[in-house]
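File shown: final-v1.cif (mmCIF, C-alpha atoms and all ligand atoms).
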```cif
data_coords
#
loop_
_atom_site.label_atom_id
_atom_site.label_comp_id
_atom_site.auth_asym_id
_atom_site.auth_seq_id
_atom_site.Cartn_x
_atom_site.Cartn_y
_atom_site.Cartn_z
CA MET A 9 12.82 -11.91 -45.50
CA ASN A 10 13.13 -14.23 -42.56
CA ARG A 11 10.42 -13.13 -40.18
CA PRO A 12 8.79 -15.76 -37.93
CA ILE A 13 5.61 -17.13 -39.43
CA VAL A 14 2.15 -16.91 -37.90
CA LEU A 15 -0.32 -19.43 -39.30
CA TYR A 16 -3.99 -18.47 -39.03
CA VAL A 17 -6.62 -21.20 -39.42
CA ASP A 18 -10.27 -20.28 -40.00
CA ASP A 19 -12.94 -21.72 -42.28
CA GLU A 20 -14.41 -18.30 -43.00
CA LYS A 21 -12.70 -16.57 -45.84
CA ALA A 22 -13.66 -13.08 -44.69
CA ASN A 23 -12.00 -13.69 -41.34
CA ARG A 24 -8.80 -14.89 -43.01
CA ILE A 25 -8.67 -11.80 -45.20
CA VAL A 26 -9.22 -9.42 -42.30
CA PHE A 27 -6.60 -11.20 -40.21
CA GLU A 28 -4.03 -11.15 -42.95
CA GLN A 29 -4.65 -7.57 -44.02
CA SER A 30 -4.61 -6.06 -40.58
CA LEU A 31 -1.49 -7.88 -39.40
CA ALA A 32 0.66 -8.30 -42.52
CA SER A 33 2.53 -5.07 -41.77
CA ASP A 34 3.85 -6.47 -38.49
CA PHE A 35 4.05 -10.21 -39.07
CA GLN A 36 4.52 -12.77 -41.77
CA ILE A 37 1.08 -14.33 -42.02
CA LEU A 38 -0.04 -17.57 -43.65
CA THR A 39 -3.63 -18.70 -43.62
CA ALA A 40 -5.39 -22.05 -43.96
CA PRO A 41 -9.11 -22.78 -44.39
CA ASP A 42 -9.10 -25.99 -42.31
CA GLY A 43 -7.10 -28.25 -40.03
CA PRO A 44 -5.77 -30.73 -42.60
CA THR A 45 -4.47 -27.92 -44.83
CA ALA A 46 -2.85 -26.28 -41.80
CA LEU A 47 -1.06 -29.53 -40.94
CA GLN A 48 0.24 -29.85 -44.49
CA MET A 49 1.62 -26.32 -44.31
CA LEU A 50 3.28 -27.06 -40.98
CA GLU A 51 5.10 -30.00 -42.57
CA GLN A 52 6.52 -27.75 -45.23
CA GLN A 53 7.66 -24.73 -43.30
CA GLU A 54 8.78 -23.60 -39.95
CA VAL A 55 5.97 -21.82 -38.11
CA ALA A 56 6.33 -19.99 -34.79
CA VAL A 57 2.70 -19.45 -33.85
CA VAL A 58 -0.59 -21.13 -34.75
CA VAL A 59 -3.77 -19.10 -34.25
CA THR A 60 -6.94 -21.08 -34.79
CA ASP A 61 -10.68 -20.81 -34.77
CA MET A 62 -12.49 -23.52 -32.76
CA ARG A 63 -15.51 -24.40 -34.86
CA MET A 64 -14.42 -25.69 -38.24
CA PRO A 65 -15.59 -28.51 -40.50
CA HIS A 66 -13.35 -31.58 -41.14
CA MET A 67 -11.24 -31.10 -38.05
CA ASN A 68 -12.16 -28.78 -35.19
CA GLY A 69 -9.72 -26.45 -33.46
CA GLU A 70 -9.29 -28.74 -30.47
CA ASP A 71 -8.21 -31.70 -32.62
CA LEU A 72 -5.87 -29.53 -34.66
CA LEU A 73 -4.25 -28.17 -31.49
CA ARG A 74 -3.80 -31.66 -30.14
CA VAL A 75 -1.85 -32.73 -33.24
CA VAL A 76 0.24 -29.55 -33.26
CA LYS A 77 1.11 -29.97 -29.59
CA GLU A 78 2.14 -33.56 -30.20
CA ARG A 79 4.22 -32.99 -33.32
CA TRP A 80 5.54 -29.46 -32.93
CA PRO A 81 5.52 -28.76 -29.18
CA HIS A 82 7.54 -25.52 -29.45
CA ILE A 83 4.88 -23.84 -31.64
CA ILE A 84 2.86 -21.43 -29.51
CA ARG A 85 -0.83 -22.23 -29.84
CA ILE A 86 -3.51 -19.58 -29.62
CA VAL A 87 -7.28 -19.76 -30.06
CA VAL A 88 -9.63 -17.10 -31.32
CA THR A 89 -13.11 -17.76 -30.10
CA ALA A 90 -16.52 -16.45 -29.09
CA TYR A 91 -17.52 -16.36 -25.43
CA SER A 92 -20.27 -18.89 -26.17
CA ASP A 93 -17.55 -21.40 -27.05
CA ILE A 94 -16.03 -21.20 -23.59
CA ASP A 95 -16.43 -24.92 -22.75
CA PRO A 96 -14.08 -26.31 -25.39
CA ILE A 97 -11.66 -23.52 -24.53
CA LEU A 98 -11.53 -24.49 -20.90
CA ARG A 99 -10.93 -28.08 -21.93
CA ALA A 100 -8.13 -26.93 -24.23
CA ILE A 101 -6.52 -24.86 -21.47
CA ASN A 102 -6.79 -27.77 -19.04
CA GLU A 103 -5.09 -30.10 -21.47
CA GLY A 104 -2.33 -27.55 -22.06
CA LEU A 105 -3.32 -27.31 -25.71
CA VAL A 106 -3.33 -23.51 -25.83
CA ALA A 107 -1.27 -20.79 -24.26
CA ARG A 108 -3.77 -18.05 -24.86
CA TYR A 109 -7.21 -17.42 -26.16
CA ILE A 110 -8.52 -14.27 -27.74
CA LEU A 111 -12.17 -13.32 -27.71
CA LYS A 112 -13.99 -12.41 -30.89
CA PRO A 113 -14.35 -9.78 -32.10
CA TRP A 114 -10.67 -9.16 -31.54
CA VAL A 115 -8.97 -5.82 -31.33
CA ARG A 116 -5.89 -5.32 -33.47
CA ALA A 117 -3.74 -3.80 -30.73
CA GLU A 118 -4.41 -6.71 -28.40
CA LEU A 119 -3.69 -9.25 -31.07
CA VAL A 120 -0.42 -7.58 -32.04
CA GLN A 121 0.68 -7.68 -28.43
CA VAL A 122 -0.22 -11.33 -28.02
CA LEU A 123 1.49 -12.31 -31.27
CA ARG A 124 4.68 -10.46 -30.31
CA TRP A 125 4.68 -12.30 -27.02
CA ALA A 126 4.04 -15.62 -28.77
CA ILE A 127 6.87 -15.19 -31.25
CA GLU A 128 9.28 -14.31 -28.49
CA ALA A 129 8.10 -17.29 -26.45
CA SER A 130 8.55 -19.65 -29.36
CA ALA A 131 12.09 -18.39 -30.00
CA LEU A 132 13.00 -18.79 -26.34
CA GLY A 133 11.43 -22.21 -26.32
CA ARG A 134 13.80 -23.31 -29.05
CA ASP A 135 16.76 -22.21 -26.92
CA SER A 136 15.69 -23.51 -23.57
CA ALA A 137 12.93 -25.84 -22.53
CA GLU A 138 13.08 -24.40 -19.02
CA VAL A 139 12.55 -20.80 -20.14
CA HIS A 140 9.73 -22.02 -22.35
CA ARG A 141 8.06 -23.76 -19.42
CA ARG A 142 8.32 -20.65 -17.24
CA LEU A 143 6.96 -18.39 -19.94
CA LEU A 144 3.97 -20.62 -20.46
CA GLU A 145 3.44 -20.70 -16.72
CA THR A 146 3.27 -16.91 -16.57
CA GLU A 147 0.99 -16.93 -19.54
CA ARG A 148 -1.26 -19.46 -17.87
CA LEU A 149 -1.83 -16.98 -15.07
CA ALA A 150 -2.59 -14.23 -17.56
CA THR A 151 -5.13 -16.52 -19.20
CA LEU A 152 -6.64 -17.14 -15.83
CA GLY A 153 -6.92 -13.39 -15.53
CA SER A 154 -8.87 -12.87 -18.66
CA ILE A 155 -11.23 -15.73 -17.96
CA SER A 156 -11.80 -14.35 -14.47
CA ALA A 157 -13.14 -11.18 -15.94
CA LEU A 158 -15.90 -13.21 -17.55
CA LEU A 159 -16.61 -15.12 -14.37
CA VAL A 160 -16.78 -11.99 -12.28
CA HIS A 161 -19.39 -10.67 -14.63
CA ASP A 162 -21.50 -13.81 -14.14
CA LEU A 163 -21.06 -14.04 -10.37
CA ARG A 164 -21.99 -10.52 -9.46
CA GLN A 165 -25.72 -10.80 -10.11
CA PRO A 166 -26.54 -13.81 -7.91
CA LEU A 167 -24.38 -12.43 -5.12
CA ALA A 168 -26.27 -9.13 -5.22
CA ALA A 169 -29.51 -11.11 -4.92
CA ILE A 170 -28.22 -12.96 -1.85
CA ILE A 171 -27.10 -9.75 -0.19
CA GLY A 172 -30.47 -8.16 -0.90
CA ASN A 173 -32.24 -11.10 0.72
CA ILE A 174 -30.03 -10.92 3.78
CA GLU A 175 -31.24 -7.37 4.27
CA LEU A 176 -34.83 -8.58 4.05
CA LEU A 177 -34.20 -11.32 6.60
CA ASP A 178 -32.67 -8.72 8.85
CA ALA A 179 -36.07 -7.09 9.07
CA LEU A 180 -37.47 -10.44 10.17
CA LYS A 181 -34.82 -10.64 12.87
CA GLU A 182 -36.02 -7.33 14.26
CA LEU A 183 -39.42 -8.95 14.67
CA ALA A 184 -38.03 -11.98 16.48
CA PRO A 185 -39.03 -10.87 20.02
CA THR A 186 -42.58 -10.16 18.85
CA LEU A 187 -42.79 -13.50 17.06
CA ARG A 188 -41.44 -15.33 20.08
CA GLU A 189 -44.08 -13.69 22.22
CA ALA A 190 -46.76 -14.55 19.66
CA LEU A 191 -45.67 -18.20 19.68
CA ARG A 192 -46.67 -18.44 23.30
CA HIS A 193 -50.24 -17.63 22.44
CA VAL A 194 -50.79 -20.06 19.60
CA GLU A 195 -51.80 -23.60 20.01
CA LEU A 196 -48.83 -25.81 19.24
CA ASP A 197 -47.44 -29.11 20.38
CA ALA A 198 -44.41 -28.77 22.63
CA ARG A 199 -41.90 -30.00 20.06
CA THR A 200 -42.94 -27.60 17.32
CA ARG A 201 -42.97 -24.71 19.77
CA LYS A 202 -39.50 -25.60 21.00
CA SER A 203 -37.99 -25.89 17.55
CA ALA A 204 -39.71 -22.72 16.28
CA THR A 205 -38.37 -20.78 19.26
CA ALA A 206 -34.91 -22.24 18.74
CA ARG A 207 -34.93 -21.16 15.07
CA LEU A 208 -35.95 -17.66 16.04
CA ASP A 209 -33.16 -17.50 18.59
CA GLU A 210 -30.62 -18.63 16.00
CA LEU A 211 -31.73 -16.17 13.36
CA GLY A 212 -29.22 -13.52 14.43
CA SER A 213 -26.19 -15.80 14.26
CA ILE A 214 -27.33 -17.44 11.02
CA LEU A 215 -27.64 -14.02 9.45
CA GLY A 216 -24.25 -13.09 10.82
CA ASP A 217 -22.70 -16.16 9.18
CA MET A 218 -24.47 -15.44 5.91
CA ARG A 219 -23.21 -11.90 5.99
CA THR A 220 -19.63 -13.01 6.68
CA ALA A 221 -19.85 -15.56 3.88
CA SER A 222 -21.23 -13.10 1.35
CA GLU A 223 -18.63 -10.53 2.31
CA LEU A 224 -15.98 -13.14 1.69
CA LEU A 225 -17.57 -14.01 -1.64
CA SER A 226 -17.64 -10.39 -2.54
CA THR A 227 -13.93 -10.08 -1.69
CA MET A 228 -13.16 -13.18 -3.69
CA ILE A 229 -15.01 -11.83 -6.70
CA GLY A 230 -13.06 -8.64 -6.26
CA ASN A 231 -9.82 -10.61 -6.18
CA LEU A 232 -10.82 -12.55 -9.26
CA ARG A 233 -11.41 -9.26 -10.99
CA ASP A 234 -7.99 -8.12 -9.86
CA LEU A 235 -6.39 -11.07 -11.63
CA SER A 236 -6.81 -9.18 -14.86
CA ARG A 237 -5.32 -6.02 -13.39
CA PRO A 238 -2.17 -5.07 -11.58
CA ARG A 239 -2.42 -5.28 -7.79
CA ASP A 240 -4.08 -2.49 -5.90
CA ALA A 241 -1.43 -0.21 -4.40
CA SER A 242 -3.33 -0.13 -1.10
CA GLU A 243 -2.70 -3.87 -0.77
CA THR A 244 1.05 -3.50 -0.90
CA GLY A 245 2.73 -3.01 2.44
CA VAL A 246 -0.26 -4.55 4.24
CA VAL A 247 0.50 -7.16 6.91
CA ALA A 248 -1.49 -9.97 8.48
CA ASP A 249 -1.43 -11.62 11.87
CA PRO A 250 -1.29 -15.29 10.82
CA MET A 251 -2.88 -16.54 14.04
CA GLN A 252 -5.89 -14.33 13.61
CA VAL A 253 -6.25 -15.48 10.03
CA VAL A 254 -5.92 -19.15 11.01
CA ARG A 255 -8.63 -18.75 13.67
CA HIS A 256 -10.94 -16.95 11.28
CA ALA A 257 -10.40 -19.44 8.45
CA MET A 258 -11.02 -22.35 10.84
CA SER A 259 -14.32 -20.89 11.97
CA VAL A 260 -15.43 -20.19 8.40
CA CYS A 261 -14.57 -23.76 7.33
CA GLN A 262 -16.08 -25.43 10.41
CA PRO A 263 -19.66 -25.97 9.14
CA LEU A 264 -18.43 -27.44 5.86
CA ALA A 265 -15.88 -29.62 7.63
CA ILE A 266 -18.56 -31.03 9.94
CA ASN A 267 -20.66 -31.94 6.90
CA LEU A 268 -17.69 -33.66 5.33
CA HIS A 269 -16.71 -35.53 8.51
CA ALA A 270 -13.40 -33.75 8.78
CA GLN A 271 -12.04 -32.41 12.02
CA ILE A 272 -9.98 -29.26 11.78
CA ASP A 273 -7.38 -28.49 14.41
CA TYR A 274 -4.38 -26.30 14.96
CA HIS A 275 -0.97 -27.20 16.38
CA GLY A 276 1.58 -24.54 16.94
CA PRO A 277 2.49 -21.42 18.83
CA ARG A 278 -0.22 -19.04 19.99
CA GLN A 279 1.65 -16.11 18.59
CA LEU A 280 3.47 -15.67 15.33
CA PRO A 281 5.18 -12.69 13.72
CA ARG A 282 3.09 -10.81 11.23
CA VAL A 283 3.53 -11.64 7.56
CA ARG A 284 3.72 -9.45 4.48
CA MET A 285 0.37 -10.30 2.96
CA SER A 286 -3.10 -8.81 3.25
CA PRO A 287 -5.33 -10.57 5.82
CA THR A 288 -8.14 -10.95 3.26
CA GLU A 289 -5.84 -12.65 0.81
CA LEU A 290 -4.28 -14.94 3.38
CA THR A 291 -7.74 -15.85 4.66
CA GLN A 292 -8.78 -16.70 1.16
CA VAL A 293 -5.73 -18.91 0.67
CA LEU A 294 -6.26 -20.80 3.92
CA ILE A 295 -9.96 -21.29 3.31
CA ASN A 296 -9.21 -22.74 -0.12
CA VAL A 297 -6.58 -25.10 1.20
CA VAL A 298 -8.52 -26.24 4.27
CA THR A 299 -11.64 -26.74 2.14
CA ASN A 300 -9.69 -28.87 -0.31
CA GLY A 301 -8.39 -30.93 2.60
CA ALA A 302 -11.87 -31.47 4.03
CA GLN A 303 -13.17 -32.42 0.59
CA ALA A 304 -10.34 -34.93 0.22
CA VAL A 305 -11.33 -36.47 3.56
CA ALA A 306 -14.93 -36.81 2.34
CA ALA A 307 -13.76 -38.26 -0.98
CA ARG A 308 -11.89 -40.99 0.88
CA GLY A 309 -15.09 -42.02 2.65
CA GLY A 310 -15.00 -44.15 5.78
CA GLU A 311 -14.80 -42.71 9.25
CA GLN A 312 -13.87 -39.23 10.44
CA GLY A 313 -10.73 -37.67 8.97
CA HIS A 314 -8.51 -34.77 9.92
CA VAL A 315 -7.23 -31.49 8.59
CA HIS A 316 -4.33 -30.37 10.76
CA ILE A 317 -3.02 -26.85 10.52
CA ALA A 318 0.48 -26.31 11.84
CA ALA A 319 2.57 -23.16 11.97
CA ARG A 320 6.14 -22.23 12.78
CA GLU A 321 8.62 -19.47 12.33
CA THR A 322 11.74 -20.29 10.40
CA GLY A 323 14.47 -17.98 9.15
CA GLY A 324 12.52 -14.78 8.60
CA MET A 325 9.57 -16.70 7.23
CA VAL A 326 6.34 -18.03 8.66
CA GLU A 327 5.44 -21.50 7.51
CA LEU A 328 1.83 -22.63 7.54
CA GLN A 329 1.21 -26.26 6.85
CA VAL A 330 -2.15 -27.86 6.15
CA ARG A 331 -2.12 -31.63 6.27
CA ASP A 332 -5.08 -33.89 5.56
CA ASP A 333 -5.54 -37.64 5.71
CA GLY A 334 -7.86 -37.67 2.72
CA VAL A 335 -7.66 -39.49 -0.63
CA GLY A 336 -4.33 -38.02 -1.65
CA ILE A 337 -3.38 -37.02 -5.17
CA PRO A 338 -2.03 -39.28 -7.93
CA PRO A 339 1.10 -37.87 -9.66
CA ASP A 340 -0.64 -37.11 -12.99
CA VAL A 341 -3.28 -35.05 -11.16
CA LEU A 342 -0.66 -33.38 -8.96
CA ALA A 343 1.14 -32.16 -12.08
CA ARG A 344 -1.97 -30.36 -13.28
CA ILE A 345 -3.25 -28.81 -10.07
CA GLY A 346 -3.10 -25.04 -10.28
CA THR A 347 -3.98 -25.01 -13.97
CA PRO A 348 -6.95 -22.66 -14.13
CA PHE A 349 -10.20 -24.63 -14.17
CA PHE A 350 -8.51 -27.95 -13.62
CA THR A 351 -10.71 -29.86 -11.22
CA THR A 352 -11.62 -33.45 -10.43
CA ARG A 353 -14.71 -32.49 -8.47
CA SER A 354 -18.06 -32.18 -10.22
CA GLU A 355 -18.93 -28.98 -8.32
CA GLY A 356 -15.38 -27.60 -8.37
CA THR A 357 -14.37 -24.52 -10.32
CA GLY A 358 -10.70 -25.47 -10.34
CA LEU A 359 -9.66 -21.94 -9.43
CA GLY A 360 -8.74 -22.55 -5.80
CA VAL A 361 -5.12 -23.61 -6.07
CA ALA A 362 -4.40 -21.32 -9.03
CA GLN A 363 -5.61 -18.40 -6.97
CA CYS A 364 -3.58 -19.51 -3.92
CA GLN A 365 -0.41 -19.82 -6.00
CA ARG A 366 -0.92 -16.38 -7.41
CA LEU A 367 -1.69 -14.67 -4.10
CA VAL A 368 1.15 -16.35 -2.22
CA GLY A 369 3.50 -15.77 -5.15
CA THR A 370 2.77 -12.05 -5.42
CA ALA A 371 3.29 -11.73 -1.66
CA GLY A 372 6.80 -13.10 -2.14
CA GLY A 373 5.99 -16.47 -0.61
CA ARG A 374 5.97 -20.08 -1.73
CA PHE A 375 3.12 -22.54 -2.14
CA ARG A 376 3.91 -26.26 -2.32
CA ILE A 377 1.78 -29.38 -2.50
CA GLU A 378 3.06 -32.85 -1.67
CA SER A 379 0.85 -35.87 -1.64
CA GLU A 380 0.74 -39.59 -1.29
CA PRO A 381 -2.28 -41.31 -2.84
CA GLY A 382 -4.29 -43.13 -0.19
CA LYS A 383 -2.42 -41.39 2.62
CA GLY A 384 -3.08 -37.69 2.35
CA THR A 385 -1.78 -34.32 1.27
CA ILE A 386 0.47 -31.65 2.73
CA VAL A 387 0.24 -28.05 1.56
CA THR A 388 3.04 -25.80 2.74
CA ILE A 389 2.74 -22.04 2.54
CA THR A 390 5.81 -20.00 3.35
CA LEU A 391 5.50 -16.24 3.76
CA PRO A 392 8.05 -13.53 4.53
CA THR A 393 7.57 -11.87 7.90
CA ALA A 394 7.02 -8.14 8.20
CA ALA A 395 10.06 -6.21 9.40
N1 LIG B 401 -5.88 -31.70 -0.28
C1 LIG B 401 -6.21 -32.28 -1.45
N2 LIG B 401 -6.37 -33.62 -1.52
C2 LIG B 401 -6.70 -34.23 -2.68
N3 LIG B 401 -6.87 -33.58 -3.85
C3 LIG B 401 -6.71 -32.25 -3.85
C4 LIG B 401 -6.38 -31.52 -2.67
N4 LIG B 401 -6.27 -30.22 -2.98
C5 LIG B 401 -6.54 -30.13 -4.31
N5 LIG B 401 -6.81 -31.34 -4.84
C6 LIG B 401 -7.11 -31.65 -6.23
O1 LIG B 401 -6.81 -30.50 -7.01
C7 LIG B 401 -7.92 -30.12 -7.78
C8 LIG B 401 -7.92 -28.62 -7.94
O2 LIG B 401 -8.10 -27.98 -6.69
P1 LIG B 401 -8.67 -26.50 -6.67
O3 LIG B 401 -8.84 -26.08 -5.26
O4 LIG B 401 -7.84 -25.67 -7.57
O5 LIG B 401 -10.07 -26.67 -7.37
P2 LIG B 401 -11.37 -27.41 -6.82
O6 LIG B 401 -11.24 -27.66 -5.35
O7 LIG B 401 -11.61 -28.60 -7.66
O8 LIG B 401 -12.48 -26.34 -7.11
P3 LIG B 401 -12.67 -24.93 -6.32
O9 LIG B 401 -12.41 -23.91 -7.36
O10 LIG B 401 -14.07 -24.98 -5.88
O11 LIG B 401 -11.68 -24.86 -5.24
C9 LIG B 401 -9.13 -30.69 -7.04
O12 LIG B 401 -10.22 -30.90 -7.91
C10 LIG B 401 -8.57 -31.98 -6.49
O13 LIG B 401 -8.56 -32.98 -7.47
MG MG B 402 -10.65 -26.12 -4.05
#
```
In structure tokens, write the structure found in this file.
Amino acid sequence: MNRPIVLYVDDEKANRIVFEQSLASDFQILTAPDGPTALQMLEQQEVAVVVTDMRMPHMNGEDLLRVVKERWPHIIRIVVTAYSDIDPILRAINEGLVARYILKPWVRAELVQVLRWAIEASALGRDSAEVHRRLLETERLATLGSISALLVHDLRQPLAAIIGNIELLDALKELAPTLREALRHVELDARTRKSATARLDELGSILGDMRTASELLSTMIGNLRDLSRPRDASETGVVADPMQVVRHAMSVCQPLAINLHAQIDYHGPRQLPRVRMSPTELTQVLINVVTNGAQAVAARGGEQGHVHIAARETGGMVELQVRDDGVGIPPDVLARIGTPFFTTRSEGTGLGVAQCQRLVGTAGGRFRIESEPGKGTIVTITLPTAA
């Protein structure tokens, strides 16, 4: 029998037995109790897929994967892990060590599906490096999807708390006229009175901004959740007015940009044809890109920098270009941008560009980043216009 081999590495014997017994009818399974043994087996026979546990004595999963990637790059690498181990997993995904991770306890049907995919991918990889690269790219997005499901779960709660508090502050806003009146009757120095009155007057617009921001967050969480599902049918056939989106995204990014000493401006026509993408999604893309630009300006330091947005219509497409004069991106970083959770910023999630690529890609558009370290970055988004 010449079926492709799946090598399963786990220090717990019970796990190895369960894995082998439940999958032996569909695949040719080998098992190893630790990394060094696995490597010995790989020297002796041709293996298509390595599935490994992360926490193991002698050599942990991450180190094993690193060696396998180095020595047998065409072997598809998969990790089986617990949610609590998510940190090493994210590192492994960032380094391109694994194509897929599976959460414990795993479900047989899911595992069978993943292994079938992996075997196919490894066979294709042997034939063509290009096909292999594209397959892994698609898989990367699927991985992003499953991790998003976990994130969504964790983000919901704090967002609900913020929205609840906005409602409470709304009640305070209703009282603003009364409070303003009351201020006139208390003893206060002129400066305090002036600033207290000013705060009360701003309350409405601050709350408005908070509401807009939390609605956007809520949409983004929704979109993250959608990564693990097919697109909502109601979102297909939707069109956006790019100018309206640009204006909205600019106003949302303005406060952040001011903090980061970046000036945002727009050059281009006042009117553009509508594009085949939902306004929420396009807004999200622009906000991500403009935010990255402003952050790059801040990272460069020094005086005020710029984030220019330009737009034009070209051959049935609308091209939006966001150019910043920030730090720029070194080639090794540029190659990894868009990998889920790849970030160089301490507060970054590293989901921005991955999300943009996915949204623009599913809308039938293109998303490109060019950069020159020390000079700045140009992001070009091309979208098909609506008929
Ligand atoms: N305009 C830019 N200039 C310089 N570096 C950039 C730019 N855009 C993206 N990057 C680099 O790409 C990385 C990934 O960007 P991405 O937007 O995906 O994640 P992030 O900004 O780090 O986090 P977040 O999820 O909060 O957006 C950034 O950490 C940064 O190193
Ligand atoms: Mg970002």
Margin query: Can you pull out every residue with an atom within 10 Å of ligand MG 402 (chain B)? Use only C-alpha atoms and all ligand atoms and format it as a VMD selection string.
Written below: chain A and resid 293 295 to 304 345 to 346 350 to 353 355 to 364
Item checked: Test item: which residues lie within 7 Å of (-8.9, -29.4, -27.2) counting all atoms listed in the file, as JSON, numbers by chain -> {"A": [69, 70, 71, 73, 74, 96, 99, 100, 103, 105]}
Next item on the list: Excluding A:Ala179 and any residue of its chain fewer than 6 positions from it, enumerate the residues within 12 Å of it, using only C-alpha atoms, and give them as a ChimeraX atom specification.
Entry: /A:172-173,185,211-212,215
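In this structure, atom CA of A:Ser354 sits 7.8 Å away from atom O7 of ligand LIG 401 (chain B).
Distance check against ligand LIG 401 (chain B) using all atoms listed in the file: of A:Gln165, A:Gln48, A:Asn267, A:Gln292, the minimum falls on A:Gln292.
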Next item on the list: Excluding A:Ile171 and residues on its chain fewer than 4 positions from it, collect all residues at most 8 Å away from it, counting only C-alpha atoms, and give them as a ChimeraX atom specification.
Entry: /A:167,175,219,222
Writing out the chosen residues with C-alpha atoms as a PDB file, keeping the file's coordinate frame:
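To be explicit, this is the file written out as part_2.pdb:
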```
ATOM      1  CA  LEU A 167     -24.380 -12.430  -5.120  1.00  0.00           C
ATOM      2  CA  GLU A 175     -31.240  -7.370   4.270  1.00  0.00           C
ATOM      3  CA  ARG A 219     -23.210 -11.900   5.990  1.00  0.00           C
ATOM      4  CA  SER A 222     -21.230 -13.100   1.350  1.00  0.00           C
TER       5      SER A 222
END
```
Would you mind completing stretch 272-277 of chain A so that it carries all heavy atoms, and writing it out as a compact mmCIF listing (two decimals), in the coordinates of the input?
```
# COMPACT_ATOMS: atom_id res chain seq x y z
N ILE A 272 -11.07 -30.20 12.01
CA ILE A 272 -9.98 -29.26 11.78
C ILE A 272 -9.34 -28.92 13.11
O ILE A 272 -10.03 -28.61 14.08
CB ILE A 272 -10.49 -27.93 11.19
CG1 ILE A 272 -11.43 -28.20 10.01
CG2 ILE A 272 -9.35 -27.05 10.74
CD1 ILE A 272 -12.06 -26.93 9.46
N ASP A 273 -8.02 -28.99 13.20
CA ASP A 273 -7.38 -28.49 14.41
C ASP A 273 -6.07 -27.77 14.10
O ASP A 273 -5.56 -27.83 12.99
CB ASP A 273 -7.16 -29.62 15.44
CG ASP A 273 -6.47 -30.80 14.81
OD1 ASP A 273 -5.64 -30.58 13.91
OD2 ASP A 273 -6.74 -31.94 15.23
N TYR A 274 -5.59 -27.09 15.13
CA TYR A 274 -4.38 -26.30 14.96
C TYR A 274 -3.32 -26.73 15.97
O TYR A 274 -3.61 -26.92 17.15
CB TYR A 274 -4.69 -24.81 15.14
CG TYR A 274 -3.45 -23.96 15.24
CD1 TYR A 274 -2.73 -23.63 14.10
CD2 TYR A 274 -2.97 -23.51 16.48
CE1 TYR A 274 -1.56 -22.89 14.19
CE2 TYR A 274 -1.82 -22.76 16.57
CZ TYR A 274 -1.11 -22.46 15.42
OH TYR A 274 0.04 -21.73 15.50
N HIS A 275 -2.10 -26.92 15.50
CA HIS A 275 -0.97 -27.20 16.38
C HIS A 275 0.09 -26.16 16.12
O HIS A 275 0.51 -26.00 14.99
CB HIS A 275 -0.31 -28.55 16.05
CG HIS A 275 -1.23 -29.69 16.18
ND1 HIS A 275 -1.40 -30.41 17.33
CD2 HIS A 275 -2.08 -30.25 15.27
CE1 HIS A 275 -2.30 -31.36 17.15
NE2 HIS A 275 -2.72 -31.29 15.90
N GLY A 276 0.52 -25.52 17.16
CA GLY A 276 1.58 -24.54 16.94
C GLY A 276 1.54 -23.46 17.98
O GLY A 276 0.70 -23.49 18.89
N PRO A 277 2.43 -22.50 17.84
CA PRO A 277 2.49 -21.42 18.83
C PRO A 277 1.21 -20.58 18.81
O PRO A 277 0.48 -20.58 17.82
CB PRO A 277 3.69 -20.59 18.36
CG PRO A 277 3.95 -20.99 16.96
CD PRO A 277 3.42 -22.35 16.78
```
